[in-house]
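Accompanying notes for the structure given below.
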Amino acid sequence: MSKNIKFFTMIALQVVIMAAVIFVAVKNVGNFNSRTNHLRETANKLHAAGITGEAIRQYEKYLDTSEINPDTSAEIAFSIATLYEKEGKPEKALTWYYQVEGFNPKSKYATKASKKIVAILEKIGKTSAALMALNERSSLKKEKKRIKGAALVAKIGDKEFFDFEIAEELDRLGPKQRKQMESKEGKQKLLQKMVADELLYQKAIRLGMHEKDPYMKQIYKIKKNLLVQIIIQDEIHKKIKPNEKDIMNYYEQNKERFAAPAQYKIAMASYKTEKTAKNIVKKLRKGKRLGKLTKKSYKEEDVSEGGTLNGFTSKITQKAITCMKNNIADPLFHKGKYHVFQVKSVTPKQVPPFEKIKNYVVQSWQMDQGKKLYDQLLKKLLENKEVRIFTENIK
């Protein structure tokens, strides 16, 4: 065999061997990718079925054994984080949300993870860290600019409150409430509420509540008020848990408050002339019953103390209830006719048994407890080291 034939035979043999090696390698890679993809598919199925613990393990295994692009890694990490959050493990969820940012800070999952990080830090009581995280990722809008001549009355960090804002709040009140709040003391209370509302609003923003409620798209003031109500519900109402002993004690201590008003059964009749009406009144004062004297316009009606008879004013109703001389009032003129009233019976004011008004008692207790907790929350919020109230500038 010539040297050339030997040379080409060796080359051909090497090509065959290399092809076989490549084939085996490609086959192994294919099998490997198939196995790792199977891990993700299994994790997805477990996730959909709500078997969170196993889903987490499969996702973590998939990340450890697969060669995947940064965007897919960020997506898987986000899924793991949300599952840990569902399991009530905020610290582990936080770790994986940070991982999302690490895998691909420009992915859509990184944007979602950033908001989750702020919310979780706030929920686990790391308020300072939540503020720092929020400042790194975004900033609260400053709605107000300093107006020339305005006096600074309070400050929370960079957020400033001016005297003209108190005036704006007063303008939103009804006439009666405004009159109560126009004094210096009233304005101070109003400012305290404004500061507390701002702190609750900022907390709601850190928790991401502003993105959950469609009403949050409205103007800033409406948005803030709604968020404050949401955070109060979370901070106060969930803590109000009545028990039988507390409710019973509350009922005993506030019986007068739950007393049903006195009830009156009023007989009445209407006449075209005053003379006819007065003649009827004379007969009634001699012991006659109104129903026996007239049937054409006669009617009876029950009315509570402080209530109003149908078709009459509260003033006429009060006169009918408090009529003198054998419970017969002089005729009362109303809407072109003379009306005669007679009190047929009176049910005195009384306190209903506890079992009959239990639900109402519970509601009243909850309202009182809510007010106490709100006052405590207000005091705590105003003790925030960043809050400064300048009462000397309130006039």
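Labeling convention for the structure tokens: chains A, B, ... as they appear, residues from 1 per chain, ligands from 1 in order of appearance.
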
Write out as a ChimeraX atom specification the residues lying within 9 Å of stretch 238-246 of chain A, counting only C-alpha atoms and excluding same-chain residues fewer than 6 positions away. /A:362,365-366,369-370,373

d(atom CA of A:Ser183, atom CA of A:Leu199) in Å: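 Spanning atom CA of A:Ser183 to atom CA of A:Leu199 is a straight-line distance of 24.5 Å.
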
Neighbour list for A:Lys92 as a list in words, cut-off 12 Å, only C-alpha atoms, skip fewer than 2 positions in-chain: Ile56, Ala77, Phe78, Ile80, Ala81, Thr82, Leu83, Tyr84, Glu85, Lys86, Glu87, Gly88, Lys89, Pro90, Leu94, Thr95, Trp96, Tyr97, Tyr98, Gln99, Ile117, Ile120 and Leu121 of chain A

Selected residues, N, CA and C atoms, written as an mmCIF file, in the first residue's frame, please.
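Contents of the output file result.cif:
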```
data_model
loop_
_atom_site.group_PDB
_atom_site.id
_atom_site.type_symbol
_atom_site.label_atom_id
_atom_site.label_comp_id
_atom_site.auth_asym_id
_atom_site.auth_seq_id
_atom_site.Cartn_x
_atom_site.Cartn_y
_atom_site.Cartn_z
ATOM 1 N N ILE A 56 -41.152 24.815 44.342
ATOM 2 C CA ILE A 56 -39.939 25.586 44.647
ATOM 3 C C ILE A 56 -38.699 24.719 44.447
ATOM 4 N N ALA A 77 -36.636 32.859 38.936
ATOM 5 C CA ALA A 77 -36.379 33.395 40.280
ATOM 6 C C ALA A 77 -37.606 34.136 40.813
ATOM 7 N N PHE A 78 -38.293 34.856 39.925
ATOM 8 C CA PHE A 78 -39.508 35.580 40.320
ATOM 9 C C PHE A 78 -40.599 34.590 40.746
ATOM 10 N N ILE A 80 -40.111 31.584 41.989
ATOM 11 C CA ILE A 80 -39.701 31.033 43.295
ATOM 12 C C ILE A 80 -40.039 32.018 44.411
ATOM 13 N N ALA A 81 -39.754 33.312 44.173
ATOM 14 C CA ALA A 81 -40.019 34.344 45.182
ATOM 15 C C ALA A 81 -41.508 34.427 45.513
ATOM 16 N N THR A 82 -42.349 34.417 44.480
ATOM 17 C CA THR A 82 -43.805 34.509 44.735
ATOM 18 C C THR A 82 -44.322 33.286 45.486
ATOM 19 N N LEU A 83 -43.739 32.128 45.206
ATOM 20 C CA LEU A 83 -44.144 30.905 45.915
ATOM 21 C C LEU A 83 -43.755 30.967 47.391
ATOM 22 N N TYR A 84 -42.546 31.456 47.660
ATOM 23 C CA TYR A 84 -42.132 31.615 49.059
ATOM 24 C C TYR A 84 -43.043 32.606 49.782
ATOM 25 N N GLU A 85 -43.484 33.637 49.049
ATOM 26 C CA GLU A 85 -44.382 34.624 49.644
ATOM 27 C C GLU A 85 -45.722 33.964 49.991
ATOM 28 N N LYS A 86 -46.221 33.114 49.101
ATOM 29 C CA LYS A 86 -47.472 32.386 49.366
ATOM 30 C C LYS A 86 -47.339 31.465 50.562
ATOM 31 N N GLU A 87 -46.148 30.925 50.767
ATOM 32 C CA GLU A 87 -45.916 30.013 51.895
ATOM 33 C C GLU A 87 -45.726 30.759 53.210
ATOM 34 N N GLY A 88 -45.773 32.089 53.152
ATOM 35 C CA GLY A 88 -45.599 32.873 54.369
ATOM 36 C C GLY A 88 -44.160 32.948 54.831
ATOM 37 N N LYS A 89 -43.221 32.936 53.871
ATOM 38 C CA LYS A 89 -41.787 33.030 54.186
ATOM 39 C C LYS A 89 -41.206 34.269 53.510
ATOM 40 N N PRO A 90 -41.511 35.469 54.069
ATOM 41 C CA PRO A 90 -41.115 36.721 53.419
ATOM 42 C C PRO A 90 -39.611 36.893 53.250
ATOM 43 N N LEU A 94 -37.834 37.508 49.799
ATOM 44 C CA LEU A 94 -37.010 38.702 49.598
ATOM 45 C C LEU A 94 -35.683 38.340 48.937
ATOM 46 N N THR A 95 -35.074 37.247 49.403
ATOM 47 C CA THR A 95 -33.799 36.787 48.831
ATOM 48 C C THR A 95 -33.933 36.543 47.333
ATOM 49 N N TRP A 96 -35.006 35.878 46.932
ATOM 50 C CA TRP A 96 -35.182 35.548 45.520
ATOM 51 C C TRP A 96 -35.596 36.759 44.691
ATOM 52 N N TYR A 97 -36.317 37.715 45.284
ATOM 53 C CA TYR A 97 -36.624 38.942 44.548
ATOM 54 C C TYR A 97 -35.345 39.731 44.257
ATOM 55 N N TYR A 98 -34.412 39.715 45.231
ATOM 56 C CA TYR A 98 -33.103 40.335 44.975
ATOM 57 C C TYR A 98 -32.362 39.580 43.859
ATOM 58 N N GLN A 99 -32.501 38.243 43.845
ATOM 59 C CA GLN A 99 -31.868 37.428 42.804
ATOM 60 C C GLN A 99 -32.381 37.811 41.423
ATOM 61 N N ILE A 117 -39.926 44.012 46.761
ATOM 62 C CA ILE A 117 -38.881 44.184 47.782
ATOM 63 C C ILE A 117 -39.301 45.264 48.783
ATOM 64 N N ILE A 120 -42.329 43.998 50.944
ATOM 65 C CA ILE A 120 -41.968 42.984 51.947
ATOM 66 C C ILE A 120 -41.178 43.609 53.091
ATOM 67 N N LEU A 121 -40.251 44.484 52.776
ATOM 68 C CA LEU A 121 -39.483 45.155 53.833
ATOM 69 C C LEU A 121 -40.403 45.918 54.780
#
```

Write down as a list in words the residues of stretch 41-281 of chain A whose backbone DSSP state falls under strand (DSSP E). Leu152, Val153, Ala154, Lys155, Ile156, Lys159, Glu160, Phe161, Phe162, Gln263, Tyr264, Lys265, Ile266, Ala267, Met268, Ala269, Ser270 and Tyr271 of chain A

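Take the candidates A:Gln376, A:Gln318, A:Ser345, A:Ser79 and check each one against A:Ile232 using only C-alpha atoms; the shortest distance goes to A:Gln376.
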
Determine which residues of stretch 115-320 of chain A receive a DSSP assignment of alpha helix (DSSP H), computed from the backbone, and state them as a PyMOL selection string. chain A and resi 115-123+127-137+163-171+175-181+184-206+220-235+244-253+255-258+274-284+290-293+314-320

Just-selected residues, C-alpha atoms written as a CSV table (one decimal), in the first residue's frame:
```csv
chain,number,residue,atom,x,y,z
A,115,LYS,CA,-41.9,46.8,44.1
A,116,LYS,CA,-42.2,43.5,45.9
A,117,ILE,CA,-38.9,44.2,47.8
A,118,VAL,CA,-40.2,47.5,49.1
A,119,ALA,CA,-43.5,46.0,50.1
A,120,ILE,CA,-42.0,43.0,51.9
A,121,LEU,CA,-39.5,45.2,53.8
A,122,GLU,CA,-42.4,47.3,55.0
A,123,LYS,CA,-44.5,44.2,56.0
A,127,THR,CA,-39.4,50.6,57.5
A,128,SER,CA,-36.0,52.3,57.2
A,129,ALA,CA,-34.8,49.7,54.7
A,130,ALA,CA,-38.1,50.0,52.8
A,131,LEU,CA,-37.7,53.8,52.6
A,132,MET,CA,-34.1,53.3,51.3
A,133,ALA,CA,-35.2,50.7,48.8
A,134,LEU,CA,-38.0,53.0,47.6
A,135,ASN,CA,-35.7,56.0,47.2
A,136,GLU,CA,-33.2,53.8,45.2
A,137,ARG,CA,-36.0,52.7,42.8
A,163,ASP,CA,-50.3,77.2,56.7
A,164,PHE,CA,-52.2,77.6,53.4
A,165,GLU,CA,-52.8,73.9,53.3
A,166,ILE,CA,-54.6,74.0,56.6
A,167,ALA,CA,-56.8,76.7,55.1
A,168,GLU,CA,-57.5,74.4,52.1
A,169,GLU,CA,-58.5,71.6,54.4
A,170,LEU,CA,-60.9,74.0,56.3
A,171,ASP,CA,-62.5,74.9,53.0
A,175,PRO,CA,-70.0,75.0,57.8
A,176,LYS,CA,-70.7,73.4,61.2
A,177,GLN,CA,-67.4,71.4,61.3
A,178,ARG,CA,-65.4,74.3,59.9
A,179,LYS,CA,-66.6,76.5,62.8
A,180,GLN,CA,-65.4,73.9,65.3
A,181,MET,CA,-61.9,73.7,63.7
A,184,LYS,CA,-55.8,77.5,66.9
A,185,GLU,CA,-56.5,74.3,68.8
A,186,GLY,CA,-58.7,73.1,66.0
A,187,LYS,CA,-56.1,73.9,63.3
A,188,GLN,CA,-53.5,72.0,65.3
A,189,LYS,CA,-55.7,68.9,65.4
A,190,LEU,CA,-56.3,69.3,61.7
A,191,LEU,CA,-52.6,69.5,61.0
A,192,GLN,CA,-51.9,66.4,63.1
A,193,LYS,CA,-54.4,64.5,61.0
A,194,MET,CA,-52.8,65.9,57.8
A,195,VAL,CA,-49.4,64.7,59.0
A,196,ALA,CA,-50.7,61.3,60.1
A,197,ASP,CA,-52.5,60.9,56.7
A,198,GLU,CA,-49.3,61.6,54.9
A,199,LEU,CA,-47.4,59.0,56.9
A,200,LEU,CA,-50.0,56.4,56.3
A,201,TYR,CA,-50.1,57.4,52.6
A,202,GLN,CA,-46.3,56.9,52.3
A,203,LYS,CA,-46.6,53.6,54.0
A,204,ALA,CA,-49.3,52.5,51.6
A,205,ILE,CA,-47.1,53.5,48.7
A,206,ARG,CA,-44.2,51.4,50.1
A,220,TYR,CA,-53.7,63.0,44.6
A,221,LYS,CA,-56.0,64.0,47.4
A,222,ILE,CA,-58.6,61.4,46.6
A,223,LYS,CA,-55.9,58.8,46.2
A,224,LYS,CA,-54.4,59.7,49.6
A,225,ASN,CA,-57.7,59.5,51.4
A,226,LEU,CA,-58.5,56.1,49.9
A,227,LEU,CA,-55.1,54.7,50.8
A,228,VAL,CA,-55.4,56.1,54.3
A,229,GLN,CA,-58.7,54.2,54.8
A,230,ILE,CA,-57.1,51.0,53.4
A,231,ILE,CA,-54.1,51.3,55.8
A,232,ILE,CA,-56.4,52.1,58.7
A,233,GLN,CA,-58.4,49.0,57.9
A,234,ASP,CA,-55.2,47.0,58.0
A,235,GLU,CA,-53.7,48.7,61.0
A,244,GLU,CA,-68.5,37.8,75.0
A,245,LYS,CA,-67.3,39.2,78.3
A,246,ASP,CA,-66.1,42.5,76.8
A,247,ILE,CA,-69.4,42.9,75.0
A,248,MET,CA,-71.5,42.1,78.0
A,249,ASN,CA,-69.6,44.6,80.2
A,250,TYR,CA,-69.9,47.2,77.5
A,251,TYR,CA,-73.7,46.7,77.4
A,252,GLU,CA,-74.0,47.0,81.2
A,253,GLN,CA,-72.0,50.2,81.2
A,255,LYS,CA,-77.5,50.7,78.9
A,256,GLU,CA,-78.8,54.3,78.5
A,257,ARG,CA,-77.2,54.5,75.1
A,258,PHE,CA,-79.1,51.4,73.9
A,274,GLU,CA,-111.6,75.8,62.7
A,275,LYS,CA,-115.1,75.8,64.3
A,276,THR,CA,-115.7,72.2,63.5
A,277,ALA,CA,-112.3,71.2,64.7
A,278,LYS,CA,-112.8,73.1,68.0
A,279,ASN,CA,-116.1,71.4,68.6
A,280,ILE,CA,-114.4,68.0,68.2
A,281,VAL,CA,-111.7,69.0,70.7
A,282,LYS,CA,-114.4,70.0,73.3
A,283,LYS,CA,-116.0,66.6,73.0
A,284,LEU,CA,-112.7,64.8,73.3
A,290,LEU,CA,-111.8,60.6,68.2
A,291,GLY,CA,-112.5,57.4,66.3
A,292,LYS,CA,-116.1,57.5,67.5
A,293,LEU,CA,-116.6,61.2,66.5
A,314,SER,CA,-91.4,67.9,63.4
A,315,LYS,CA,-92.8,71.0,65.2
A,316,ILE,CA,-96.4,69.9,64.8
A,317,THR,CA,-95.5,66.3,65.7
A,318,GLN,CA,-93.9,67.5,68.9
A,319,LYS,CA,-97.0,69.5,69.8
A,320,ALA,CA,-99.2,66.5,69.1
```

I want to know what sits within 9 Å of A:Glu101, based on only C-alpha atoms, with residues of the same chain fewer than 5 positions away left out; could you give that as a PyMOL selection string? chain A and resi 74+96+106-107+109-111+113-114

Write out as a list in words each polymer residue whose atoms come within 7 Å of A:Phe162, counting only C-alpha atoms; drop sequence neighbours fewer than 6 positions from it. Ala150, Ala151, Leu152 and Val153 of chain A
